[in-house]
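J.: File name my_file28.tsv; file contents TSV, C-alpha atoms; full text below.
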```
chain	number	residue	atom	x	y	z
Z	1	MET	CA	0.00	0.00	0.00
Z	2	LEU	CA	2.63	2.50	1.13
Z	3	PRO	CA	4.91	2.05	-1.89
Z	4	TRP	CA	1.93	2.68	-4.15
Z	5	VAL	CA	1.15	5.93	-2.38
Z	6	PHE	CA	4.74	7.06	-2.87
Z	7	LEU	CA	4.71	5.92	-6.48
Z	8	VAL	CA	1.55	7.81	-7.37
Z	9	VAL	CA	2.59	10.98	-5.56
Z	10	SER	CA	6.10	10.82	-7.04
Z	11	ALA	CA	4.69	10.49	-10.54
Z	12	ALA	CA	2.34	13.42	-9.96
Z	13	MET	CA	5.30	15.42	-8.68
Z	14	ILE	CA	8.09	14.54	-11.10
Z	15	LEU	CA	6.29	14.52	-14.44
Z	16	PRO	CA	5.08	18.15	-14.40
Z	17	ALA	CA	8.45	19.25	-13.05
Z	18	ALA	CA	10.26	17.45	-15.86
Z	19	ALA	CA	7.92	18.94	-18.44
Z	20	ALA	CA	8.42	22.45	-17.08
Z	21	PHE	CA	12.16	22.18	-16.66
Z	22	ALA	CA	13.08	23.98	-19.87
Z	23	ALA	CA	10.10	26.32	-19.85
Z	24	GLY	CA	10.89	29.91	-20.66
Z	25	ASP	CA	14.30	29.22	-22.17
Z	26	GLU	CA	13.33	29.99	-25.75
Z	27	PRO	CA	14.33	33.52	-26.82
Z	28	GLY	CA	11.33	35.81	-26.83
Z	29	GLU	CA	9.22	33.33	-24.89
Z	30	TYR	CA	8.90	34.18	-21.27
Z	31	LEU	CA	7.11	32.64	-18.36
Z	32	ASP	CA	4.20	34.59	-17.00
Z	33	ARG	CA	4.91	34.71	-13.28
Z	34	ARG	CA	1.25	35.43	-12.62
Z	35	VAL	CA	0.33	32.05	-14.11
Z	36	VAL	CA	3.03	30.15	-12.20
Z	37	ILE	CA	2.06	31.75	-8.90
Z	38	TRP	CA	-1.67	31.30	-9.47
Z	39	ASN	CA	-1.19	27.62	-10.40
Z	40	LEU	CA	0.80	27.02	-7.22
Z	41	PHE	CA	-1.85	28.79	-5.16
Z	42	PHE	CA	-4.64	26.76	-6.83
Z	43	LYS	CA	-2.90	23.44	-6.21
Z	44	MET	CA	-2.10	24.30	-2.60
Z	45	MET	CA	-5.68	25.39	-1.97
Z	46	THR	CA	-7.04	22.22	-3.55
Z	47	VAL	CA	-4.83	20.09	-1.30
Z	48	ALA	CA	-5.62	22.23	1.76
Z	49	PHE	CA	-9.38	22.01	1.31
Z	50	THR	CA	-9.25	18.28	0.51
Z	51	VAL	CA	-7.18	17.54	3.60
Z	52	GLY	CA	-9.45	19.80	5.64
Z	53	ALA	CA	-12.54	17.94	4.42
Z	54	VAL	CA	-11.02	14.52	5.15
Z	55	VAL	CA	-9.83	15.50	8.64
Z	56	SER	CA	-13.12	17.21	9.51
Z	57	GLY	CA	-15.10	14.26	8.18
Z	58	THR	CA	-12.99	11.81	10.18
Z	59	ILE	CA	-13.46	13.82	13.38
Z	60	ILE	CA	-17.23	14.08	12.84
Z	61	TRP	CA	-17.45	10.35	12.11
Z	62	LEU	CA	-15.39	9.52	15.22
Z	63	ILE	CA	-17.61	11.66	17.42
Z	64	TRP	CA	-20.75	10.07	15.95
Z	65	ARG	CA	-19.51	6.50	15.95
Z	66	PHE	CA	-17.96	6.49	19.42
Z	67	ARG	CA	-20.56	8.56	21.27
Z	68	GLU	CA	-21.68	7.03	24.53
Z	69	SER	CA	-25.30	6.61	23.40
Z	70	ASN	CA	-24.45	4.68	20.26
Z	71	PRO	CA	-26.20	1.26	20.44
Z	72	LYS	CA	-23.03	-0.30	19.07
Z	73	ALA	CA	-20.87	1.29	21.74
Z	74	LYS	CA	-18.72	-1.10	23.74
Z	75	PRO	CA	-17.67	0.77	26.87
Z	76	THR	CA	-14.21	-0.02	28.16
Z	77	PRO	CA	-14.52	-2.71	30.85
Z	78	TYR	CA	-13.02	-0.83	33.76
Z	79	GLU	CA	-11.23	-2.89	36.36
Z	80	GLY	CA	-13.20	-3.37	39.58
Z	81	THR	CA	-16.62	-2.63	38.04
Z	82	ASP	CA	-19.24	-4.83	36.47
Z	83	TRP	CA	-19.82	-2.51	33.47
W	1	MET	CA	-0.05	-6.28	21.97
W	2	GLY	CA	-0.67	-9.59	20.25
W	3	GLY	CA	-3.00	-9.38	17.29
W	4	HIS	CA	-2.92	-5.59	17.23
W	5	SER	CA	-2.45	-4.16	13.79
W	6	ASN	CA	-1.15	-0.65	13.23
W	7	TRP	CA	-1.08	-0.55	9.44
W	8	PRO	CA	-3.63	2.33	9.25
W	9	GLU	CA	-1.19	4.48	11.23
W	10	TRP	CA	1.60	3.70	8.77
W	11	VAL	CA	-0.65	4.48	5.82
W	12	TYR	CA	-1.52	7.77	7.50
W	13	VAL	CA	2.15	8.57	8.13
W	14	GLY	CA	2.97	7.70	4.52
W	15	ILE	CA	0.23	9.95	3.14
W	16	VAL	CA	1.32	12.87	5.32
W	17	ILE	CA	4.98	12.49	4.31
W	18	ALA	CA	4.02	12.15	0.64
W	19	LEU	CA	1.78	15.23	0.78
W	20	MET	CA	4.40	17.34	2.52
W	21	THR	CA	7.00	16.21	-0.01
W	22	TRP	CA	4.69	17.11	-2.88
W	23	VAL	CA	3.86	20.53	-1.40
W	24	GLY	CA	7.55	21.29	-0.89
W	25	ALA	CA	8.49	20.12	-4.37
W	26	GLU	CA	5.74	22.15	-6.05
W	27	ALA	CA	6.69	25.29	-4.16
W	28	TRP	CA	10.38	24.75	-4.91
W	29	GLU	CA	9.64	24.23	-8.58
W	30	ALA	CA	7.48	27.37	-8.83
W	31	GLU	CA	10.20	29.40	-7.11
W	32	ARG	CA	12.86	27.96	-9.42
W	33	LEU	CA	10.80	28.85	-12.48
W	34	ILE	CA	10.09	32.45	-11.55
W	35	GLU	CA	13.62	33.11	-10.30
W	36	HIS	CA	15.17	31.93	-13.56
W	37	VAL	CA	15.99	35.25	-15.24
W	38	PRO	CA	16.02	35.08	-19.08
W	39	GLU	CA	19.47	35.78	-20.49
W	40	ASP	CA	18.20	38.53	-22.77
W	41	ALA	CA	16.41	40.40	-20.00
W	42	GLU	CA	17.02	44.15	-20.00
W	43	VAL	CA	18.30	45.44	-16.67
W	44	ILE	CA	16.46	48.30	-15.01
W	45	LYS	CA	18.01	49.73	-11.86
W	46	VAL	CA	15.32	50.67	-9.38
W	47	VAL	CA	16.10	53.00	-6.49
W	48	GLY	CA	13.62	53.67	-3.73
W	49	GLN	CA	13.92	56.70	-1.51
W	50	GLN	CA	11.56	58.78	0.57
W	51	TRP	CA	9.18	58.95	-1.18
W	52	PHE	CA	9.61	58.20	-4.87
W	53	TRP	CA	11.02	55.64	-7.26
W	54	THR	CA	13.83	56.22	-9.74
W	55	PHE	CA	14.38	53.93	-12.73
W	56	GLU	CA	17.54	53.74	-14.78
W	57	HIS	CA	17.51	51.84	-18.08
W	58	GLU	CA	20.49	50.11	-19.68
W	59	ASP	CA	20.95	53.01	-22.13
W	60	GLY	CA	21.28	55.45	-19.25
W	61	THR	CA	17.79	56.89	-19.55
W	62	THR	CA	16.42	57.80	-16.13
W	63	GLU	CA	12.79	58.05	-15.19
W	64	ILE	CA	11.30	59.27	-11.94
W	65	GLY	CA	7.90	58.13	-10.76
W	66	GLU	CA	7.09	56.43	-14.03
W	67	LEU	CA	8.51	53.54	-15.98
W	68	HIS	CA	8.10	52.79	-19.67
W	69	VAL	CA	8.57	49.22	-20.91
W	70	GLU	CA	7.62	47.27	-24.01
W	71	VAL	CA	5.47	44.24	-24.60
W	72	GLY	CA	7.36	41.06	-25.45
W	73	LYS	CA	10.57	41.96	-23.66
W	74	ALA	CA	11.87	40.65	-20.37
W	75	TYR	CA	13.05	43.08	-17.72
W	76	LYS	CA	15.22	42.39	-14.73
W	77	PHE	CA	14.86	44.86	-11.88
W	78	GLU	CA	17.89	45.50	-9.70
W	79	ILE	CA	16.30	47.04	-6.67
W	80	THR	CA	17.92	49.02	-3.90
W	81	ALA	CA	17.23	51.97	-1.61
W	82	THR	CA	19.16	54.98	-0.41
W	83	ASP	CA	17.61	55.74	2.96
W	84	VAL	CA	15.25	53.28	4.62
W	85	ASN	CA	13.65	49.98	3.64
W	86	HIS	CA	11.06	50.15	0.89
W	87	SER	CA	9.32	47.47	-1.12
W	88	PHE	CA	8.87	47.60	-4.88
W	89	ASN	CA	5.51	46.35	-6.03
W	90	ILE	CA	3.76	46.11	-9.40
W	91	HIS	CA	0.55	44.56	-8.21
W	92	ASP	CA	-0.88	43.67	-11.62
W	93	TYR	CA	2.22	41.65	-12.52
W	94	VAL	CA	2.74	40.10	-9.08
W	95	VAL	CA	6.14	41.76	-8.73
W	96	LEU	CA	7.04	42.42	-5.10
W	97	LEU	CA	10.51	42.72	-3.62
W	98	ASP	CA	12.10	44.68	-0.80
W	99	ALA	CA	14.36	47.64	-1.57
W	100	ILE	CA	17.08	47.62	1.07
W	101	PRO	CA	19.89	50.19	1.48
W	102	GLY	CA	23.28	48.64	0.68
W	103	ARG	CA	21.79	45.62	-1.00
W	104	VAL	CA	20.63	44.83	-4.55
W	105	ASN	CA	17.64	42.51	-4.86
W	106	THR	CA	16.58	41.22	-8.26
W	107	VAL	CA	13.27	40.20	-9.76
W	108	TRP	CA	12.19	39.92	-13.37
W	109	PHE	CA	8.98	40.09	-15.36
W	110	ALA	CA	7.80	40.19	-18.96
W	111	PRO	CA	4.78	42.39	-19.73
W	112	THR	CA	2.25	40.63	-21.94
W	113	GLU	CA	0.00	43.41	-23.19
W	114	PRO	CA	-0.08	47.20	-23.41
W	115	GLY	CA	-1.52	49.01	-20.44
W	116	VAL	CA	-1.01	51.28	-17.47
W	117	HIS	CA	-0.34	49.81	-14.06
W	118	ASP	CA	0.32	51.06	-10.55
W	119	ILE	CA	3.68	50.90	-8.86
W	120	GLN	CA	3.51	51.17	-5.10
W	121	CYS	CA	5.77	50.98	-2.07
W	122	ARG	CA	4.67	48.09	0.13
W	123	GLU	CA	6.90	48.67	3.14
W	124	TYR	CA	5.94	51.43	5.52
W	125	CYS	CA	8.73	53.93	5.00
W	126	GLY	CA	7.62	57.09	6.71
W	127	LEU	CA	5.10	59.90	6.56
W	128	ILE	CA	4.38	59.92	2.83
W	129	HIS	CA	4.66	56.15	2.33
W	130	TYR	CA	1.02	56.02	1.24
W	131	ASN	CA	1.85	58.25	-1.70
W	132	MET	CA	5.11	56.62	-2.76
W	133	ARG	CA	3.58	55.57	-6.03
W	134	GLY	CA	4.64	55.29	-9.62
W	135	THR	CA	3.10	54.34	-12.93
W	136	LEU	CA	4.12	51.53	-15.24
W	137	TYR	CA	3.43	52.15	-18.92
W	138	VAL	CA	3.53	49.01	-21.00
W	139	GLU	CA	3.80	50.00	-24.64
W	140	GLU	CA	3.83	48.30	-28.01
W	141	PRO	CA	7.32	47.35	-29.25
W	142	SER	CA	9.02	50.32	-30.92
W	143	ALA	CA	10.82	48.26	-33.57
```
Will you turn the file into structure tokens for me?
T.:
Amino acid sequence: MLPWVFLVVSAAMILPAAAAFAAGDEPGEYLDRRVVIWNLFFKMMTVAFTVGAVVSGTIIWLIWRFRESNPKAKPTPYEGTDW
Amino acid sequence: MGGHSNWPEWVYVGIVIALMTWVGAEAWEAERLIEHVPEDAEVIKVVGQQWFWTFEHEDGTTEIGELHVEVGKAYKFEITATDVNHSFNIHDYVVLLDAIPGRVNTVWFAPTEPGVHDIQCREYCGLIHYNMRGTLYVEEPSA
């Protein structure tokens, strides 16, 4: 599982970098810094909101699933008690 | 801890490390791209002082408070200051760099279309900081 995660992320990381490596080197063709900066901002925001959604969703699920009144709840059997 | 499995934790750790690596690599790559000054960029010396900007072109032409450039060319700003810290900003082209006395900072840009844009100091530099403005004129190529 873990190697696959690294593989996918590495591919997503290296390929665009390799493609962009020579960008802007042609005479008369220049990078538009506004585009580069906006693209970075867009990607970072996409990741930030995705991670935020996953973390928030996990916390909400945990609170719902492990609430005391959940019929499926299995309270920790404390030592010295009969519950 | 017989029978206890902690593989979800390792997956989580792997995802976090991978994400942080990706974020760092993307940011590094963007910085590398925009810091790579084209070899044919024309140098413009920018001097900030209370409370105006002076621009000196390669041919010796000096402009005060306004800067004329041409579409399709790349320009490298060599930015410094004579008195206190300032910050050179062309908002519409996302150019922003500090002007520090005794130091030359560089940033480059290539205007894409004709127009008039604001130049503004972005570091509080004294009483008239708010009015330490200039105007960027992007013009059609002359030749």
J.: For region 43-60 of chain W, find every residue with an atom within 12 Å (counting only C-alpha atoms), except residues of its own chain fewer than 5 positions away, and show them as JSON, numbers by chain.
T.: {"W": [37, 38, 65, 66, 67, 68, 69, 73, 74, 75, 76, 77, 78, 79, 80, 81, 82, 83, 84, 85, 86, 87, 88, 89, 97, 98, 99, 100, 101, 102, 103, 104, 105, 106, 107, 108, 109, 110, 119, 120, 121, 122, 123, 124, 125, 126, 127, 128, 129, 130, 131, 132, 133, 134, 135, 136]}
J.: Tell me as a PyMOL selection string which residues belonging to chain W come within 12 Å of chain Z, counting only C-alpha atoms.
T.: chain W and resi 7-41+71-75+90-96+107-113
J.: Expressed in Å to a single decimal, how great is the separation between CA of Glu63 (chain W) and CA of Tyr137 (chain W)?
T.: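 Spanning CA of Glu63 (chain W) to CA of Tyr137 (chain W) is a straight-line distance of 11.7 Å.
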J.: Could you tell me how far CA of Ile63 (chain Z) lies from CA of Thr76 (chain Z), in Å and to one decimal?
T.: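 CA of Thr76 (chain Z) lies at a distance of 16.2 Å from CA of Ile63 (chain Z).
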J.: Kindly provide, as a VMD selection string, the polymer residues lying within 9 Å of (5.3, 49.1, -29.5), counting only C-alpha atoms and using the coordinates exactly as they appear in the file.
T.: chain W and resid 70 to 71 114 138 to 143
J.: I'd like the interatomic distance between CA of Lys72 (chain Z) and CA of Ile60 (chain Z), to a tenth of an Å.
T.: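 Computing it gives 16.7 Å between the two atoms.
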J.: For region 32-51 of chain W, I'd like the enclosing box, axis-aligned and padded by 3 Å on every side, reported as JSON with centre and edge lengths in Å to one decimal.
T.:
```
{"center_x": 14.3, "center_y": 43.5, "center_z": -11.1, "size_x": 16.3, "size_y": 37.0, "size_z": 29.3}
```
